[in-house]
Structure formats: structure tokens, C-alpha cells
Amino acid sequence: MNELHKAYQVLGLEPGALFDTIKRRYRRLALVWHPDRMSSADAKREAEEELKKINNMFEKLKKHFENEHTSGPSCRCKPAAAGPPPDNSHNTNANHKTGSKASSGPTEADRKRQEEEATRKRTEERQRQAAEAEAAQRAAEAAQRAQQKHQATEDAIKNESERKEEALRWKCSLAVGVTFIALIGYCWIGCAARDLVHWTGKQWENFQSQFKVRHETPATPPSYAPLEPSQPYEPYIPPYEKFPGGNPSSWRQFHDDQAERRKAEEEKQRQQHLYFARLQIDRAQKAIDHCSHDITQMELKLTDPYVGEFEKNKIRAMRDFQQRNLAAAQAELQNAQETLERLAPTSPFGPPLEPPRTG
């Protein structure tokens with residue numbers, strides 16, 4: 001068996017098959033043993049080795065058919081050429097030496113039996129290879145079906161997760177929309193209730209004003225009858241300002257009491273403003289001291305060479321913030337001092353007053 005017969009055996013063909021049959025068989029085997037169709041690493045490695053072997057044998061046959069092939073039975077790819085070409089010179093010498101022994105070779109029946117045995121072995125080998133190729137193809141198809149089933153399962157899981165995410169997004173959007181509508185409705189109800197309360201209060205005030213005594217001066221002064229010479233003169237007091245008994249002194253006493261009460265209330269209000277102004281001065285002064293101290297500490301840290309640039313940027317931002325707070329505290333202190341000078345110009349920096357008592 002020469003190397004071409006071995007190539008035929010690897011491809012699962014009979015020796016002497018045409019090149020078109022060889023190409024079709026090669027394409028089928030290349031499709032069966034392609035490594036991408038295998039699922040495991042060992043199967044891919046085995047498929048790569050088998051495909052490499054099939055490619056080598058196909059290249060040998062292709063090279064033979066392109067360069068050495070002849071149409072006669074003496075070609076090396078034919079079944080009759082089982083071994084290397086005979087050496088004629090060696091056979092001639094052997095015939096001269098052996099003489100009559102040349103006729104003692106194998107008979108025709110023996111040769112036929114040997115050919116049948118070789119044919120049977122080749123047939124069994126082809127069947128075995130075809131069975132292996134079919135089993136490999138079934139395994140590849142089963143692996144492909146398993147991979148497709150796994151991919152379909154993954155796609156179903158992915159679609160289900162996407163569906164759940166979409167449903168969650170819709171629920172969140174619906175909740176936000178309902179909350180927004182509820183807030184708008186609450187604001188509208190609050191505004192409507194406020195307007196209703198204001199309108200009711202205004203109607204109540206108008207209703208009460210109808211029963212109150214009017215304090216306006218009458219448009220036309222009343223006419224009086226001429227006084228008798230014997231009656232003493234009395235100043236005119238409007239009827240709605242007279243007290244029981246018509247005593248003018250009690251009327252003046254009442255107005256004096258009202259004036260004293262107003263003065264006491266004004267003094268109480270002034271004392272309350274003084275207290276809050278001094279409290280505001282104290283709070284602003286503390287804020288100024290605190291901000292000044294922090295700004296000084298930050299300026300010292302900015303001059304420290306061991307502080308990183310990132311920390312310095314944070315310190316600069318905090319320093320600017322404290323400077324704004326310092327400016328606000330200084331403005332508050334100035335406003336409070338002006339208020340205190342306006343309320344108590346004689347002692348603007350006196351001791352803080354007691355908290356005002358109400359009631």
C-alpha cells in the first residue's frame with residue numbers, strides 16, 4: 001500500500017476514485033471535523049488534528065492528480081498499484097539466478113483471495129470511518145442543539161428581565177405622575193380654602209361693621225335753639241363721646257388714661273426692640289470673631305508647604321465661604337448698632353436688657 005492508497009483510506013474512498021469524488025468527500029469531511037462545531041476543548045483539539053490529517057492527504061492526492069496522474073491501470077492511485085513500481089533489472093537478475101523457481105510464485109486464486117481480503121478490509125475501514133464520521137456529526141449536531149437551547153434560554157431570561165424592568169419603570173413613572181397630580185390638587189385645595197377663609201372673614205367684618213357706632217363727624221352740624229341768658233355756656237361734646245352723666249371731666253380722664261396706656265405700650269415695644277437689637281449685636285460679634293479666627297487658621301494652612309494642592313483648593317473654597325459669612329455678620333452688626341443708636345442714643349452700648357415680658 002503506497003501513500004496514495006493511504007490517502008484514499010483516510011478519506012474513506014476506494015483507490016482509483018476520480019478527483020471530483022475526492023473533492024466532494026474532502027468537503028464533507030472538512031465540514032464534519034471543523035473545530036468550531038465542537039463543544040469541548042478536547043473535542044476541538046481532536047477535530048483540529050483530524051482536519052490537519054485530512055488536509056495533508058487531500059494535498060497529496062491533489063498534487064498527484066495535477067502532476068503524476070495517468071489514465072492507465074499502471075498509475076499509482078489505481079488499486080493494482082499496491083506497492084512501489086517494480087525494479088525490472090532486479091527481476092531480470094532474479095530470473096536468471098532462480099531459473100525454474102520463478103514458476104513457483106502465488107497462483108491466480110491466491111492473488112484473488114488476497115485482493116478480496118484487501119477489499120474487505122478497506123470496506124470495513126471505510127464503514128468504520130463513515131460510522132465515526134456520522135457519530136462525530138451527530139455529536140456535533142447534538143452540541144449545536146444544546147448550544148441553541150442554552151442560547152434560547154438565555155434570551156428568554158434576558159427578555160423576561162427586560163420586561164420586568166420596563167414594568168418597574170412604568171410603575172415608577174405612574175407613581176411620580178400621581179404624586180405630582182396629588183401635590184397640584186393639594187395646593188389648589190389649600191389656595192381655595194385660604195381664599196374662602198379670607199372671603200368669609202371679610203364678609204363677617206362687613207356684617208359687624210353695620211352694628212358698630214360710626215365715629216365720623218357729621219356732615220352738617222346740628223342746629224340748636226338760641227340759649228336763654230339764664231343758662232350757662234357748656235362746650236359741645238358729641239353724643240357718642242359722652243359718658244353716662246355727661247361729665248366732661250370723666251371724658252378728659254378717659255382720654256388721658258388712653259394716652260398713658262399708649263405711652264406705656266410704646267415704651268414696652270421700645271424696650272423689646274432694644275433687647276433684640278443688643279442680642280443681634282452680640283450674635284453678630286460672636287460670628288465675626290469665629291469667622292476671623294477660621295480665616296486666620298486657613299491662611300496659615302495655605303502657607304504650609306506640606307499641605308497638598310487638593311487640600312489647598314478645599315481650604316480656599318472654605319475660606320471664601322467664611323469671608324462671605326464674615327461680611328454678612330459685619331453688615332448685621334452695623335444694622336443692629338444703627339437700630340440701637342436710634343432707639344437709645346444716650347447709651348448705645350449699655351448692658352443688655354432683660355427679655356421683654358408679654359402679657
# chains A, B, ... in the order shown; residues from 1 in each chain; ligands from 1
call {"tool": "residues_around", "arguments": {"residues": "region 52-66 of chain A", "least_positions_apart": "3", "cutoff": "12 Å", "atoms": "only C-alpha atoms", "output": "PyMOL selection string"}}
result
chain A and resi 2-13+15-35+45-49+69-71+75-78
call {"tool": "atom_distance", "arguments": {"atom1": "CA of Val176 (chain A)", "atom2": "CA of Cys191 (chain A)"}}
result
22.5 Å
call {"tool": "select_by_dssp", "arguments": {"residues": "region 35-77 of chain A", "states": "helix (DSSP H, G or I)", "output": "VMD selection string"}}
result
chain A and resid 35 to 37 41 to 67
call {"tool": "write_last_selection", "arguments": {"atoms": "N, CA and C atoms", "output": "mmCIF file, in the first residue's frame"}}
result
data_model
loop_
_atom_site.group_PDB
_atom_site.id
_atom_site.type_symbol
_atom_site.label_atom_id
_atom_site.label_comp_id
_atom_site.auth_asym_id
_atom_site.auth_seq_id
_atom_site.Cartn_x
_atom_site.Cartn_y
_atom_site.Cartn_z
ATOM 1 N N PRO A 35 -13.421 22.464 13.735
ATOM 2 C CA PRO A 35 -13.323 22.650 15.205
ATOM 3 C C PRO A 35 -14.421 23.532 15.784
ATOM 4 N N ASP A 36 -14.967 24.453 14.991
ATOM 5 C CA ASP A 36 -15.999 25.349 15.541
ATOM 6 C C ASP A 36 -17.294 24.618 15.882
ATOM 7 N N ARG A 37 -17.473 23.413 15.364
ATOM 8 C CA ARG A 37 -18.692 22.666 15.641
ATOM 9 C C ARG A 37 -18.577 21.846 16.916
ATOM 10 N N ALA A 41 -13.170 21.450 24.759
ATOM 11 C CA ALA A 41 -11.805 21.757 24.299
ATOM 12 C C ALA A 41 -11.126 20.511 23.750
ATOM 13 N N ASP A 42 -11.339 19.337 24.383
ATOM 14 C CA ASP A 42 -10.717 18.110 23.888
ATOM 15 C C ASP A 42 -11.268 17.750 22.515
ATOM 16 N N ALA A 43 -12.562 17.893 22.343
ATOM 17 C CA ALA A 43 -13.146 17.589 21.036
ATOM 18 C C ALA A 43 -12.612 18.531 19.959
ATOM 19 N N LYS A 44 -12.424 19.809 20.300
ATOM 20 C CA LYS A 44 -11.853 20.756 19.323
ATOM 21 C C LYS A 44 -10.424 20.384 18.965
ATOM 22 N N ARG A 45 -9.647 19.976 19.976
ATOM 23 C CA ARG A 45 -8.251 19.590 19.710
ATOM 24 C C ARG A 45 -8.197 18.361 18.821
ATOM 25 N N GLU A 46 -9.031 17.355 19.093
ATOM 26 C CA GLU A 46 -9.074 16.157 18.261
ATOM 27 C C GLU A 46 -9.546 16.479 16.841
ATOM 28 N N ALA A 47 -10.533 17.388 16.740
ATOM 29 C CA ALA A 47 -11.016 17.765 15.418
ATOM 30 C C ALA A 47 -9.937 18.495 14.622
ATOM 31 N N GLU A 48 -9.155 19.331 15.285
ATOM 32 C CA GLU A 48 -8.067 20.035 14.589
ATOM 33 C C GLU A 48 -7.028 19.039 14.052
ATOM 34 N N GLU A 49 -6.662 18.036 14.875
ATOM 35 C CA GLU A 49 -5.679 17.036 14.401
ATOM 36 C C GLU A 49 -6.235 16.236 13.228
ATOM 37 N N GLU A 50 -7.508 15.820 13.342
ATOM 38 C CA GLU A 50 -8.100 15.038 12.257
ATOM 39 C C GLU A 50 -8.228 15.872 10.977
ATOM 40 N N LEU A 51 -8.602 17.138 11.120
ATOM 41 C CA LEU A 51 -8.722 18.000 9.946
ATOM 42 C C LEU A 51 -7.359 18.251 9.309
ATOM 43 N N LYS A 52 -6.333 18.369 10.145
ATOM 44 C CA LYS A 52 -4.976 18.538 9.587
ATOM 45 C C LYS A 52 -4.568 17.303 8.790
ATOM 46 N N LYS A 53 -4.868 16.123 9.318
ATOM 47 C CA LYS A 53 -4.547 14.877 8.607
ATOM 48 C C LYS A 53 -5.309 14.790 7.291
ATOM 49 N N ILE A 54 -6.598 15.140 7.327
ATOM 50 C CA ILE A 54 -7.405 15.112 6.095
ATOM 51 C C ILE A 54 -6.860 16.104 5.070
ATOM 52 N N ASN A 55 -6.442 17.280 5.493
ATOM 53 C CA ASN A 55 -5.881 18.278 4.568
ATOM 54 C C ASN A 55 -4.585 17.769 3.931
ATOM 55 N N ASN A 56 -3.721 17.115 4.743
ATOM 56 C CA ASN A 56 -2.463 16.599 4.180
ATOM 57 C C ASN A 56 -2.720 15.537 3.118
ATOM 58 N N MET A 57 -3.636 14.606 3.432
ATOM 59 C CA MET A 57 -3.921 13.553 2.459
ATOM 60 C C MET A 57 -4.561 14.117 1.197
ATOM 61 N N PHE A 58 -5.441 15.118 1.352
ATOM 62 C CA PHE A 58 -6.049 15.724 0.166
ATOM 63 C C PHE A 58 -4.999 16.454 -0.677
ATOM 64 N N GLU A 59 -4.027 17.107 -0.039
ATOM 65 C CA GLU A 59 -2.979 17.785 -0.794
ATOM 66 C C GLU A 59 -2.123 16.794 -1.569
ATOM 67 N N LYS A 60 -1.863 15.622 -0.956
ATOM 68 C CA LYS A 60 -1.089 14.598 -1.685
ATOM 69 C C LYS A 60 -1.840 14.130 -2.921
ATOM 70 N N LEU A 61 -3.123 13.834 -2.745
ATOM 71 C CA LEU A 61 -3.900 13.393 -3.907
ATOM 72 C C LEU A 61 -4.039 14.495 -4.947
ATOM 73 N N LYS A 62 -4.220 15.730 -4.499
ATOM 74 C CA LYS A 62 -4.342 16.825 -5.449
ATOM 75 C C LYS A 62 -3.051 17.008 -6.236
ATOM 76 N N LYS A 63 -1.908 16.925 -5.540
ATOM 77 C CA LYS A 63 -0.610 17.057 -6.225
ATOM 78 C C LYS A 63 -0.403 15.917 -7.222
ATOM 79 N N HIS A 64 -0.847 14.704 -6.857
ATOM 80 C CA HIS A 64 -0.709 13.578 -7.767
ATOM 81 C C HIS A 64 -1.546 13.771 -9.025
ATOM 82 N N PHE A 65 -2.821 14.191 -8.836
ATOM 83 C CA PHE A 65 -3.684 14.368 -9.993
ATOM 84 C C PHE A 65 -3.246 15.535 -10.853
ATOM 85 N N GLU A 66 -2.546 16.519 -10.309
ATOM 86 C CA GLU A 66 -2.086 17.654 -11.111
ATOM 87 C C GLU A 66 -0.787 17.350 -11.858
ATOM 88 N N ASN A 67 0.084 16.440 -11.326
ATOM 89 C CA ASN A 67 1.420 16.268 -11.895
ATOM 90 C C ASN A 67 1.693 14.854 -12.419
#
call {"tool": "atom_distance", "arguments": {"atom1": "CA of Lys202 (chain A)", "atom2": "CA of Arg262 (chain A)"}}
result
27.9 Å
call {"tool": "atom_distance", "arguments": {"atom1": "CA of Val307 (chain A)", "atom2": "CA of His290 (chain A)"}}
result
23.1 Å
